[in-house]
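This is protein-v6.pdb (PDB, C-alpha atoms).
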```
ATOM      1  CA  ARG A   1     146.536 172.033  25.180  1.00  0.00           C
ATOM      2  CA  ASN A   2     146.325 172.444  28.936  1.00  0.00           C
ATOM      3  CA  ALA A   3     143.552 171.391  31.295  1.00  0.00           C
ATOM      4  CA  PHE A   4     141.955 174.850  31.382  1.00  0.00           C
ATOM      5  CA  GLU A   5     141.679 174.986  27.574  1.00  0.00           C
ATOM      6  CA  GLU A   6     140.208 171.487  27.406  1.00  0.00           C
ATOM      7  CA  ARG A   7     137.610 172.355  30.053  1.00  0.00           C
ATOM      8  CA  GLU A   8     136.721 175.556  28.203  1.00  0.00           C
ATOM      9  CA  ASP A   9     136.210 173.620  24.969  1.00  0.00           C
ATOM     10  CA  ALA A  10     133.968 171.116  26.739  1.00  0.00           C
ATOM     11  CA  LEU A  11     131.927 173.885  28.337  1.00  0.00           C
ATOM     12  CA  GLU A  12     131.562 175.710  25.032  1.00  0.00           C
ATOM     13  CA  LYS A  13     130.246 172.561  23.350  1.00  0.00           C
ATOM     14  CA  ARG A  14     127.793 172.067  26.208  1.00  0.00           C
ATOM     15  CA  ALA A  15     126.597 175.677  26.043  1.00  0.00           C
ATOM     16  CA  VAL A  16     126.133 175.500  22.275  1.00  0.00           C
ATOM     17  CA  ALA A  17     124.238 172.245  22.577  1.00  0.00           C
ATOM     18  CA  GLU A  18     121.960 173.777  25.203  1.00  0.00           C
ATOM     19  CA  HIS A  19     121.726 177.131  23.368  1.00  0.00           C
ATOM     20  CA  ASP A  20     122.748 178.853  26.595  1.00  0.00           C
ATOM     21  CA  ALA A  21     124.985 181.861  26.048  1.00  0.00           C
ATOM     22  CA  ARG A  22     124.685 182.935  29.668  1.00  0.00           C
ATOM     23  CA  LEU A  23     126.020 179.562  30.831  1.00  0.00           C
ATOM     24  CA  LEU A  24     129.010 179.899  28.531  1.00  0.00           C
ATOM     25  CA  ALA A  25     129.762 183.439  29.737  1.00  0.00           C
ATOM     26  CA  ALA A  26     129.469 182.415  33.393  1.00  0.00           C
ATOM     27  CA  MET A  27     131.676 179.356  32.964  1.00  0.00           C
ATOM     28  CA  ARG A  28     134.312 181.311  31.063  1.00  0.00           C
ATOM     29  CA  LYS A  29     134.395 183.869  33.872  1.00  0.00           C
ATOM     30  CA  LYS A  30     134.827 181.091  36.432  1.00  0.00           C
ATOM     31  CA  LEU A  31     137.604 179.437  34.425  1.00  0.00           C
ATOM     32  CA  LYS A  32     139.399 182.765  34.013  1.00  0.00           C
ATOM     33  CA  ALA A  33     139.368 183.213  37.782  1.00  0.00           C
ATOM     34  CA  GLU A  34     140.632 179.669  38.335  1.00  0.00           C
ATOM     35  CA  ARG A  35     143.423 180.170  35.808  1.00  0.00           C
ATOM     36  CA  ALA A  36     144.485 183.429  37.488  1.00  0.00           C
ATOM     37  CA  ALA A  37     144.450 181.775  40.923  1.00  0.00           C
ATOM     38  CA  ALA A  38     146.562 178.851  39.681  1.00  0.00           C
ATOM     39  CA  ALA A  39     149.098 181.192  38.116  1.00  0.00           C
ATOM     40  CA  LYS A  40     149.292 183.205  41.332  1.00  0.00           C
ATOM     41  CA  GLU A  41     149.992 180.065  43.351  1.00  0.00           C
ATOM     42  CA  HIS A  42     152.622 178.842  40.892  1.00  0.00           C
ATOM     43  CA  VAL A  43     155.933 178.099  42.572  1.00  0.00           C
ATOM     44  CA  TYR A  44     158.929 178.519  40.276  1.00  0.00           C
ATOM     45  CA  ASN A  45     162.270 177.538  41.755  1.00  0.00           C
ATOM     46  CA  VAL A  46     164.391 176.691  38.714  1.00  0.00           C
ATOM     47  CA  LYS A  47     167.888 178.108  39.052  1.00  0.00           C
ATOM     48  CA  LYS A  48     170.131 175.162  38.202  1.00  0.00           C
ATOM     49  CA  VAL A  49     169.617 173.182  34.983  1.00  0.00           C
ATOM     50  CA  ALA A  50     171.232 169.855  34.094  1.00  0.00           C
ATOM     51  CA  VAL A  51     171.352 168.928  30.411  1.00  0.00           C
ATOM     52  CA  ILE A  52     172.074 165.287  29.625  1.00  0.00           C
ATOM     53  CA  GLY A  53     173.626 164.855  26.196  1.00  0.00           C
ATOM     54  CA  GLY A  54     176.359 167.003  24.686  1.00  0.00           C
ATOM     55  CA  GLY A  55     175.376 166.752  21.032  1.00  0.00           C
ATOM     56  CA  LEU A  56     173.911 169.521  18.871  1.00  0.00           C
ATOM     57  CA  MET A  57     170.606 169.616  20.746  1.00  0.00           C
ATOM     58  CA  GLY A  58     172.043 169.322  24.231  1.00  0.00           C
ATOM     59  CA  SER A  59     174.739 171.933  23.659  1.00  0.00           C
ATOM     60  CA  GLY A  60     172.181 174.270  22.113  1.00  0.00           C
ATOM     61  CA  ILE A  61     169.894 173.909  25.128  1.00  0.00           C
ATOM     62  CA  ALA A  62     172.827 174.526  27.467  1.00  0.00           C
ATOM     63  CA  GLN A  63     173.738 177.654  25.504  1.00  0.00           C
ATOM     64  CA  VAL A  64     170.311 179.286  25.626  1.00  0.00           C
ATOM     65  CA  ALA A  65     169.875 178.411  29.302  1.00  0.00           C
ATOM     66  CA  ALA A  66     173.257 179.876  30.247  1.00  0.00           C
ATOM     67  CA  ALA A  67     172.583 182.959  28.122  1.00  0.00           C
ATOM     68  CA  ALA A  68     169.365 183.411  30.137  1.00  0.00           C
ATOM     69  CA  LYS A  69     171.441 183.476  33.362  1.00  0.00           C
ATOM     70  CA  TYR A  70     170.734 179.894  34.492  1.00  0.00           C
ATOM     71  CA  ASP A  71     173.557 177.799  35.951  1.00  0.00           C
ATOM     72  CA  VAL A  72     173.988 174.768  33.708  1.00  0.00           C
ATOM     73  CA  SER A  73     175.611 171.341  34.066  1.00  0.00           C
ATOM     74  CA  LEU A  74     176.191 169.719  30.682  1.00  0.00           C
ATOM     75  CA  VAL A  75     176.749 165.957  30.807  1.00  0.00           C
ATOM     76  CA  ASP A  76     177.893 163.415  28.241  1.00  0.00           C
ATOM     77  CA  VAL A  77     179.542 160.002  28.443  1.00  0.00           C
ATOM     78  CA  ASP A  78     182.233 161.275  26.073  1.00  0.00           C
ATOM     79  CA  ALA A  79     184.559 163.944  27.483  1.00  0.00           C
ATOM     80  CA  THR A  80     185.766 164.754  23.971  1.00  0.00           C
ATOM     81  CA  ALA A  81     182.193 165.493  22.909  1.00  0.00           C
ATOM     82  CA  LEU A  82     181.868 167.905  25.833  1.00  0.00           C
ATOM     83  CA  GLY A  83     184.958 169.784  24.710  1.00  0.00           C
ATOM     84  CA  LYS A  84     183.530 170.109  21.215  1.00  0.00           C
ATOM     85  CA  ALA A  85     180.210 171.251  22.690  1.00  0.00           C
ATOM     86  CA  VAL A  86     181.810 174.083  24.656  1.00  0.00           C
ATOM     87  CA  ASP A  87     183.857 175.114  21.611  1.00  0.00           C
ATOM     88  CA  GLY A  88     180.681 175.200  19.530  1.00  0.00           C
ATOM     89  CA  ILE A  89     178.854 177.247  22.149  1.00  0.00           C
ATOM     90  CA  SER A  90     181.743 179.731  22.297  1.00  0.00           C
ATOM     91  CA  LYS A  91     181.740 180.171  18.511  1.00  0.00           C
ATOM     92  CA  ASN A  92     177.953 180.617  18.419  1.00  0.00           C
ATOM     93  CA  VAL A  93     177.977 183.231  21.162  1.00  0.00           C
ATOM     94  CA  ALA A  94     180.890 185.094  19.571  1.00  0.00           C
ATOM     95  CA  ARG A  95     179.096 185.127  16.213  1.00  0.00           C
ATOM     96  CA  VAL A  96     175.960 186.639  17.752  1.00  0.00           C
ATOM     97  CA  ALA A  97     177.975 189.200  19.717  1.00  0.00           C
ATOM     98  CA  LYS A  98     179.804 190.271  16.570  1.00  0.00           C
ATOM     99  CA  LYS A  99     176.513 190.824  14.724  1.00  0.00           C
ATOM    100  CA  GLN A 100     175.257 192.912  17.624  1.00  0.00           C
ATOM    101  CA  GLY A 101     178.466 194.934  17.853  1.00  0.00           C
ATOM    102  CA  ALA A 102     179.161 193.643  21.353  1.00  0.00           C
ATOM    103  CA  ASP A 103     182.422 192.528  22.943  1.00  0.00           C
ATOM    104  CA  GLU A 104     182.837 188.957  21.654  1.00  0.00           C
ATOM    105  CA  ALA A 105     185.265 187.787  24.330  1.00  0.00           C
ATOM    106  CA  ALA A 106     183.130 189.205  27.144  1.00  0.00           C
ATOM    107  CA  ALA A 107     179.978 187.587  25.742  1.00  0.00           C
ATOM    108  CA  VAL A 108     181.690 184.202  25.511  1.00  0.00           C
ATOM    109  CA  ARG A 109     182.999 184.478  29.070  1.00  0.00           C
ATOM    110  CA  ASP A 110     179.577 185.482  30.368  1.00  0.00           C
ATOM    111  CA  VAL A 111     177.864 182.412  28.902  1.00  0.00           C
ATOM    112  CA  THR A 112     180.543 179.753  29.331  1.00  0.00           C
ATOM    113  CA  ALA A 113     181.191 180.789  32.955  1.00  0.00           C
ATOM    114  CA  ARG A 114     177.718 179.473  33.779  1.00  0.00           C
ATOM    115  CA  ILE A 115     178.326 176.074  32.144  1.00  0.00           C
ATOM    116  CA  THR A 116     180.100 173.226  33.894  1.00  0.00           C
ATOM    117  CA  THR A 117     180.723 169.917  32.148  1.00  0.00           C
ATOM    118  CA  GLY A 118     181.156 166.356  33.315  1.00  0.00           C
ATOM    119  CA  THR A 119     180.542 162.692  32.611  1.00  0.00           C
ATOM    120  CA  ASP A 120     178.814 161.814  35.901  1.00  0.00           C
ATOM    121  CA  VAL A 121     175.031 162.070  35.572  1.00  0.00           C
ATOM    122  CA  ALA A 122     174.340 161.552  39.285  1.00  0.00           C
ATOM    123  CA  ALA A 123     176.703 164.357  40.297  1.00  0.00           C
ATOM    124  CA  ALA A 124     175.264 166.724  37.698  1.00  0.00           C
ATOM    125  CA  VAL A 125     171.625 166.267  38.746  1.00  0.00           C
ATOM    126  CA  ALA A 126     172.264 166.158  42.512  1.00  0.00           C
ATOM    127  CA  ASP A 127     171.436 169.848  42.919  1.00  0.00           C
ATOM    128  CA  ALA A 128     169.452 170.434  39.723  1.00  0.00           C
ATOM    129  CA  ASP A 129     166.024 172.043  39.711  1.00  0.00           C
ATOM    130  CA  LEU A 130     165.355 171.041  36.107  1.00  0.00           C
ATOM    131  CA  VAL A 131     166.850 168.092  34.220  1.00  0.00           C
ATOM    132  CA  ILE A 132     166.576 168.033  30.416  1.00  0.00           C
ATOM    133  CA  GLU A 133     167.465 164.836  28.574  1.00  0.00           C
ATOM    134  CA  ALA A 134     168.729 165.152  24.993  1.00  0.00           C
ATOM    135  CA  ILE A 135     170.217 161.768  24.121  1.00  0.00           C
ATOM    136  CA  ILE A 136     169.526 159.220  21.369  1.00  0.00           C
ATOM    137  CA  GLU A 137     165.927 158.337  20.496  1.00  0.00           C
ATOM    138  CA  HIS A 138     166.016 154.867  22.035  1.00  0.00           C
ATOM    139  CA  LEU A 139     163.215 154.127  24.489  1.00  0.00           C
ATOM    140  CA  PRO A 140     164.949 151.600  26.809  1.00  0.00           C
ATOM    141  CA  THR A 141     168.014 153.862  27.086  1.00  0.00           C
ATOM    142  CA  LYS A 142     165.896 156.887  28.013  1.00  0.00           C
ATOM    143  CA  GLN A 143     163.878 154.838  30.517  1.00  0.00           C
ATOM    144  CA  ARG A 144     167.029 153.605  32.260  1.00  0.00           C
ATOM    145  CA  LEU A 145     168.459 157.116  32.296  1.00  0.00           C
ATOM    146  CA  PHE A 146     165.402 158.642  33.957  1.00  0.00           C
ATOM    147  CA  SER A 147     165.314 155.861  36.554  1.00  0.00           C
ATOM    148  CA  ASP A 148     168.889 156.759  37.464  1.00  0.00           C
ATOM    149  CA  ILE A 149     168.156 160.497  37.373  1.00  0.00           C
ATOM    150  CA  GLU A 150     165.202 160.230  39.737  1.00  0.00           C
ATOM    151  CA  LYS A 151     167.346 158.395  42.301  1.00  0.00           C
ATOM    152  CA  ALA A 152     170.009 161.115  42.257  1.00  0.00           C
ATOM    153  CA  ALA A 153     168.006 164.323  41.707  1.00  0.00           C
ATOM    154  CA  PRO A 154     166.257 166.354  44.450  1.00  0.00           C
ATOM    155  CA  GLN A 155     162.611 165.487  45.024  1.00  0.00           C
ATOM    156  CA  HIS A 156     161.474 168.857  43.690  1.00  0.00           C
ATOM    157  CA  ALA A 157     163.409 168.562  40.418  1.00  0.00           C
ATOM    158  CA  ILE A 158     161.438 168.612  37.171  1.00  0.00           C
ATOM    159  CA  LEU A 159     162.421 165.886  34.706  1.00  0.00           C
ATOM    160  CA  ALA A 160     161.990 166.695  31.006  1.00  0.00           C
ATOM    161  CA  THR A 161     162.773 164.893  27.777  1.00  0.00           C
ATOM    162  CA  ASN A 162     163.603 166.457  24.428  1.00  0.00           C
ATOM    163  CA  THR A 163     162.167 163.518  22.491  1.00  0.00           C
ATOM    164  CA  SER A 164     160.637 164.300  19.119  1.00  0.00           C
ATOM    165  CA  SER A 165     159.205 160.895  18.272  1.00  0.00           C
ATOM    166  CA  LEU A 166     158.654 158.859  21.439  1.00  0.00           C
ATOM    167  CA  SER A 167     155.845 159.015  23.975  1.00  0.00           C
ATOM    168  CA  VAL A 168     156.786 161.064  27.033  1.00  0.00           C
ATOM    169  CA  THR A 169     154.536 158.798  29.097  1.00  0.00           C
ATOM    170  CA  ASP A 170     156.429 155.717  27.908  1.00  0.00           C
ATOM    171  CA  ILE A 171     159.811 157.333  28.551  1.00  0.00           C
ATOM    172  CA  MET A 172     158.808 158.238  32.113  1.00  0.00           C
ATOM    173  CA  ARG A 173     157.084 154.925  32.870  1.00  0.00           C
ATOM    174  CA  ASN A 174     159.616 153.947  35.546  1.00  0.00           C
ATOM    175  CA  VAL A 175     159.606 157.347  37.258  1.00  0.00           C
ATOM    176  CA  ARG A 176     157.720 157.260  40.549  1.00  0.00           C
ATOM    177  CA  GLN A 177     156.853 160.964  40.891  1.00  0.00           C
ATOM    178  CA  ARG A 178     155.204 161.409  37.516  1.00  0.00           C
ATOM    179  CA  ASP A 179     153.588 164.702  38.427  1.00  0.00           C
ATOM    180  CA  ARG A 180     156.972 166.402  37.893  1.00  0.00           C
ATOM    181  CA  VAL A 181     157.709 165.062  34.397  1.00  0.00           C
ATOM    182  CA  GLY A 182     157.076 166.518  30.963  1.00  0.00           C
ATOM    183  CA  GLY A 183     158.528 167.189  27.556  1.00  0.00           C
ATOM    184  CA  LEU A 184     160.562 170.111  26.274  1.00  0.00           C
ATOM    185  CA  HIS A 185     160.821 169.538  22.537  1.00  0.00           C
ATOM    186  CA  TRP A 186     163.324 171.932  20.980  1.00  0.00           C
ATOM    187  CA  PHE A 187     164.078 172.495  17.315  1.00  0.00           C
ATOM    188  CA  ASN A 188     167.509 172.470  15.697  1.00  0.00           C
ATOM    189  CA  PRO A 189     169.527 174.654  15.887  1.00  0.00           C
ATOM    190  CA  VAL A 190     168.233 175.508  19.341  1.00  0.00           C
ATOM    191  CA  PRO A 191     169.806 178.998  19.641  1.00  0.00           C
ATOM    192  CA  VAL A 192     168.187 180.036  16.339  1.00  0.00           C
ATOM    193  CA  MET A 193     164.794 178.326  16.220  1.00  0.00           C
ATOM    194  CA  LYS A 194     162.117 180.273  18.071  1.00  0.00           C
ATOM    195  CA  LEU A 195     159.726 177.489  19.077  1.00  0.00           C
ATOM    196  CA  VAL A 196     159.723 175.011  21.939  1.00  0.00           C
ATOM    197  CA  GLU A 197     156.915 172.549  22.626  1.00  0.00           C
ATOM    198  CA  VAL A 198     155.944 171.951  26.239  1.00  0.00           C
ATOM    199  CA  VAL A 199     154.463 168.471  26.450  1.00  0.00           C
ATOM    200  CA  SER A 200     152.215 167.422  29.336  1.00  0.00           C
ATOM    201  CA  THR A 201     151.263 163.855  30.146  1.00  0.00           C
ATOM    202  CA  ASP A 202     148.118 162.872  32.011  1.00  0.00           C
ATOM    203  CA  ASP A 203     150.198 162.916  35.207  1.00  0.00           C
ATOM    204  CA  THR A 204     152.005 166.255  34.728  1.00  0.00           C
ATOM    205  CA  SER A 205     150.979 168.665  37.479  1.00  0.00           C
ATOM    206  CA  HIS A 206     149.820 172.168  36.660  1.00  0.00           C
ATOM    207  CA  ASN A 207     152.774 173.606  38.575  1.00  0.00           C
ATOM    208  CA  THR A 208     155.203 171.486  36.534  1.00  0.00           C
ATOM    209  CA  HIS A 209     153.506 172.599  33.327  1.00  0.00           C
ATOM    210  CA  LEU A 210     153.707 176.277  34.288  1.00  0.00           C
ATOM    211  CA  SER A 211     157.361 175.887  35.272  1.00  0.00           C
ATOM    212  CA  LEU A 212     158.257 174.371  31.898  1.00  0.00           C
ATOM    213  CA  VAL A 213     156.380 177.162  30.128  1.00  0.00           C
ATOM    214  CA  LYS A 214     158.167 179.833  32.173  1.00  0.00           C
ATOM    215  CA  PHE A 215     161.553 178.262  31.480  1.00  0.00           C
ATOM    216  CA  GLY A 216     160.836 178.200  27.752  1.00  0.00           C
ATOM    217  CA  GLU A 217     159.824 181.847  27.838  1.00  0.00           C
ATOM    218  CA  ASP A 218     162.840 182.788  29.956  1.00  0.00           C
ATOM    219  CA  VAL A 219     165.224 181.444  27.312  1.00  0.00           C
ATOM    220  CA  GLY A 220     163.479 183.514  24.658  1.00  0.00           C
ATOM    221  CA  LYS A 221     161.290 180.929  22.978  1.00  0.00           C
ATOM    222  CA  ARG A 222     157.698 180.951  21.821  1.00  0.00           C
ATOM    223  CA  VAL A 223     156.041 178.161  23.786  1.00  0.00           C
ATOM    224  CA  ILE A 224     153.472 175.791  22.291  1.00  0.00           C
ATOM    225  CA  ASP A 225     151.404 173.694  24.705  1.00  0.00           C
ATOM    226  CA  CYS A 226     151.024 170.055  23.637  1.00  0.00           C
ATOM    227  CA  LYS A 227     149.493 166.875  24.918  1.00  0.00           C
ATOM    228  CA  ASP A 228     151.507 163.667  24.739  1.00  0.00           C
ATOM    229  CA  THR A 229     150.331 162.591  21.291  1.00  0.00           C
ATOM    230  CA  PRO A 230     152.404 161.270  18.333  1.00  0.00           C
ATOM    231  CA  GLY A 231     154.423 164.078  16.744  1.00  0.00           C
ATOM    232  CA  PHE A 232     153.108 166.599  19.317  1.00  0.00           C
ATOM    233  CA  VAL A 233     152.028 169.645  17.255  1.00  0.00           C
ATOM    234  CA  VAL A 234     154.707 170.857  14.843  1.00  0.00           C
ATOM    235  CA  ASN A 235     155.986 167.480  13.598  1.00  0.00           C
ATOM    236  CA  ARG A 236     152.409 166.343  13.068  1.00  0.00           C
ATOM    237  CA  LEU A 237     151.804 169.335  10.812  1.00  0.00           C
ATOM    238  CA  LEU A 238     154.951 168.830   8.735  1.00  0.00           C
TER     239      LEU A 238
END
```

Show the structure stored in the file as structure tokens.
Amino acid sequence: RNAFEEREDALEKRAVAEHDARLLAAMRKKLKAERAAAAKEHVYNVKKVAVIGGGLMGSGIAQVAAAAKYDVSLVDVDATALGKAVDGISKNVARVAKKQGADEAAAVRDVTARITTGTDVAAAVADADLVIEAIIEHLPTKQRLFSDIEKAAPQHAILATNTSSLSVTDIMRNVRQRDRVGGLHWFNPVPVMKLVEVVSTDDTSHNTHLSLVKFGEDVGKRVIDCKDTPGFVVNRLL
């Protein structure tokens, strides 16, 4: 839930407690105007995406981002894993193209041409607008990674984790500019599953939140807003 929804809930409880329908209507009108103004002022400058981790999740994220016309850098410590990731992406894209009756080779070229691979994290994030981490669920490893990413990435870059079980706040504890961090929790297999959870911490700015939502929508997903609570939304319901 985002800040506007939380404020609306609080106002509704207040209005009910005071039996004041006019207050509720007036406050909802004010909040609607504030929400529209915030959306109008939203600055979205994501063109280049860096995905850290070339496993099933990372390669899936790279695939949907490239298919949505984003330039993607896919990074892994293992060059062999990167080769397998690109092969997997090519097969997935060809399979979809075949079902749609499209030119398989052309579809594969279109997507893979937007994906570059490498083993150097600093080089990959140097010109990234959005960095998505999809490595092992090990808190100290993620914390060290994001410390290194922040040093190498542009100041405007949004830093997001794909964690499904760890606190986003804890992962980003060593990041200095915490207003530009958040979670993008995808579901496996990424190209098939329709949901993505956008996770905001107490420090996530509204502009960062809106940018993560827009990115999720751009790659064809249904976005669920979440606060940084255990299990987020979907895993907590399962």

Exercise for review: Extract, using all atoms listed in the file, all DNA, RNA and protein residues at most 8 Å from A:Asp170, discarding same-chain residues fewer than 3 positions from it, and format them as a ChimeraX atom specification.
Suggested key: /A:139,143,166-167,173

Those residues with C-alpha atoms, as a short mmCIF file (atom, residue, chain, number, x, y, z; two decimals), keeping the file's coordinate frame please?
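The new file selection-v3.cif reads:
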```cif
data_model
loop_
_atom_site.label_atom_id
_atom_site.label_comp_id
_atom_site.auth_asym_id
_atom_site.auth_seq_id
_atom_site.Cartn_x
_atom_site.Cartn_y
_atom_site.Cartn_z
CA LEU A 139 163.22 154.13 24.49
CA GLN A 143 163.88 154.84 30.52
CA LEU A 166 158.65 158.86 21.44
CA SER A 167 155.84 159.01 23.98
CA ARG A 173 157.08 154.93 32.87
#
```

Review point. What do you get, as number ranges by chain, if you spell out every residue that the PyMOL selection byres ((chain A and resi 198-215) around 6) selects here?
Key: A: 42, 44, 178-184, 197, 216-218, 225-228

Review point. So, counting all atoms listed in the file, which residue among A:Ile61, A:Leu195, A:Ile52, A:Val86 is closest to A:Asp120?
Key: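 Selected residue with least distance to A:Asp120: A:Ile52.
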
Point to revise | Residue nearest A:Ala67 - candidates A:Val219, A:Ala79, A:Ser164, A:Ala33, atoms counted: only C-alpha atoms | key: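 The closest residue to A:Ala67 is A:Val219.
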
Check your understanding: Got a sec to resolve the PyMOL selection byres ((chain A and resi 146) around 10) on this structure and send the residues as JSON, numbers by chain?
Key -> {"A": [131, 133, 141, 142, 143, 144, 145, 147, 148, 149, 150, 151, 152, 153, 159, 160, 161, 171, 172, 173, 174, 175]}

**Study point:** Nearest to A:Ala107 by atom-to-atom distance, counting only C-alpha atoms, from A:Thr119, A:Thr163, A:Gln63, A:Thr169
**Key:** A:Gln63

Study note, to complete from the structure: atom CA of A:Pro189 to atom CA of A:Ser73 measures 19.5 Å

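Shortest separation to A:Tyr70 among A:Lys194, A:Arg109, A:Lys99, A:Arg114 occurs at residue A:Arg114, atoms counted being all atoms listed in the file.
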
**Study point:** Result set of the PyMOL selection byres ((chain A and resi 46) around 7) on the coordinates above, as an MDAnalysis selection string
**Key:** chainID A and resid 44:45 47:48 129:130

Practice item. Have a look at atom CA of A:Lys29 and atom CA of A:Lys221 and let me know their distance in Å, one decimal. Key: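 Atom CA of A:Lys221 lies 29.2 Å from atom CA of A:Lys29.
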
Practice item. Mind giving me the straight-line distance from atom CA of A:Asp76 to atom CA of A:Gly60 in Å, one decimal? Key: 13.7 Å

Around stretch 68-79 of chain A, with edges along x, y and z and 5 Å added on all six sides, what centre and edge lengths do you get, in Å to one decimal, as AutoDock Vina command-line options?
```
--center_x 177.0 --center_y 171.7 --center_z 31.0 --size_x 25.2 --size_y 33.5 --size_z 19.9
```

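Residue nearest A:Lys69, chosen from A:Val43, A:Pro154, A:Val111, A:Ala97 and counting all atoms listed in the file: A:Val111.
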
Revision key, fill the gap. Counting only C-alpha atoms, closest pick from A:Ser90, A:Thr80, A:Asn162, A:Gln100 relative to A:Gly118 is A:Thr80

Review point. If you count all atoms listed in the file, which residues fall within 12 Å of A:Leu56, apart from same-chain ones fewer than 4 positions away, as a ChimeraX atom specification?
Key: /A:51-52,60-63,76,81-82,84-89,92,134-136,186-191

Point to revise | All residues 8 Å or closer to A:Val108, all atoms listed in the file, same chain fewer than 4 positions away omitted, as a list of chain:residue names | key: A:Ser90, A:Val93, A:Ala94, A:Glu104, A:Thr112

For stretch 74-90 of chain A, where the input has fewer atoms than it should, I would like N, CA and C atoms rebuilt and written as a PDB file, keeping the file's coordinate frame.
```pdb
ATOM      1  N   LEU A  74     176.331 170.444  31.945  1.00  0.00           N
ATOM      2  CA  LEU A  74     176.191 169.719  30.682  1.00  0.00           C
ATOM      3  C   LEU A  74     176.926 168.390  30.815  1.00  0.00           C
ATOM      4  N   VAL A  75     176.211 167.295  30.564  1.00  0.00           N
ATOM      5  CA  VAL A  75     176.749 165.957  30.807  1.00  0.00           C
ATOM      6  C   VAL A  75     176.751 165.129  29.536  1.00  0.00           C
ATOM      7  N   ASP A  76     177.825 164.378  29.341  1.00  0.00           N
ATOM      8  CA  ASP A  76     177.893 163.415  28.241  1.00  0.00           C
ATOM      9  C   ASP A  76     178.850 162.308  28.660  1.00  0.00           C
ATOM     10  N   VAL A  77     178.651 161.116  28.105  1.00  0.00           N
ATOM     11  CA  VAL A  77     179.542 160.002  28.443  1.00  0.00           C
ATOM     12  C   VAL A  77     180.915 160.190  27.814  1.00  0.00           C
ATOM     13  N   ASP A  78     181.003 161.050  26.822  1.00  0.00           N
ATOM     14  CA  ASP A  78     182.233 161.275  26.073  1.00  0.00           C
ATOM     15  C   ASP A  78     182.804 162.653  26.407  1.00  0.00           C
ATOM     16  N   ALA A  79     183.945 162.673  27.108  1.00  0.00           N
ATOM     17  CA  ALA A  79     184.559 163.944  27.483  1.00  0.00           C
ATOM     18  C   ALA A  79     184.984 164.754  26.262  1.00  0.00           C
ATOM     19  N   THR A  80     185.379 164.054  25.201  1.00  0.00           N
ATOM     20  CA  THR A  80     185.766 164.754  23.971  1.00  0.00           C
ATOM     21  C   THR A  80     184.575 165.499  23.379  1.00  0.00           C
ATOM     22  N   ALA A  81     183.410 164.859  23.421  1.00  0.00           N
ATOM     23  CA  ALA A  81     182.193 165.493  22.909  1.00  0.00           C
ATOM     24  C   ALA A  81     181.863 166.751  23.705  1.00  0.00           C
ATOM     25  N   LEU A  82     182.127 166.732  25.003  1.00  0.00           N
ATOM     26  CA  LEU A  82     181.868 167.905  25.833  1.00  0.00           C
ATOM     27  C   LEU A  82     182.780 169.062  25.445  1.00  0.00           C
ATOM     28  N   GLY A  83     184.041 168.741  25.151  1.00  0.00           N
ATOM     29  CA  GLY A  83     184.958 169.784  24.710  1.00  0.00           C
ATOM     30  C   GLY A  83     184.502 170.423  23.419  1.00  0.00           C
ATOM     31  N   LYS A  84     184.039 169.595  22.485  1.00  0.00           N
ATOM     32  CA  LYS A  84     183.530 170.109  21.215  1.00  0.00           C
ATOM     33  C   LYS A  84     182.268 170.942  21.438  1.00  0.00           C
ATOM     34  N   ALA A  85     181.442 170.515  22.399  1.00  0.00           N
ATOM     35  CA  ALA A  85     180.210 171.251  22.690  1.00  0.00           C
ATOM     36  C   ALA A  85     180.514 172.657  23.190  1.00  0.00           C
ATOM     37  N   VAL A  86     181.456 172.769  24.113  1.00  0.00           N
ATOM     38  CA  VAL A  86     181.810 174.083  24.656  1.00  0.00           C
ATOM     39  C   VAL A  86     182.441 174.952  23.572  1.00  0.00           C
ATOM     40  N   ASP A  87     183.269 174.362  22.725  1.00  0.00           N
ATOM     41  CA  ASP A  87     183.857 175.114  21.611  1.00  0.00           C
ATOM     42  C   ASP A  87     182.767 175.646  20.686  1.00  0.00           C
ATOM     43  N   GLY A  88     181.790 174.790  20.395  1.00  0.00           N
ATOM     44  CA  GLY A  88     180.681 175.200  19.530  1.00  0.00           C
ATOM     45  C   GLY A  88     179.858 176.313  20.145  1.00  0.00           C
ATOM     46  N   ILE A  89     179.600 176.208  21.446  1.00  0.00           N
ATOM     47  CA  ILE A  89     178.854 177.247  22.149  1.00  0.00           C
ATOM     48  C   ILE A  89     179.617 178.575  22.088  1.00  0.00           C
ATOM     49  N   SER A  90     180.919 178.521  22.317  1.00  0.00           N
ATOM     50  CA  SER A  90     181.743 179.731  22.297  1.00  0.00           C
ATOM     51  C   SER A  90     181.684 180.400  20.928  1.00  0.00           C
TER      52      SER A  90
END
```
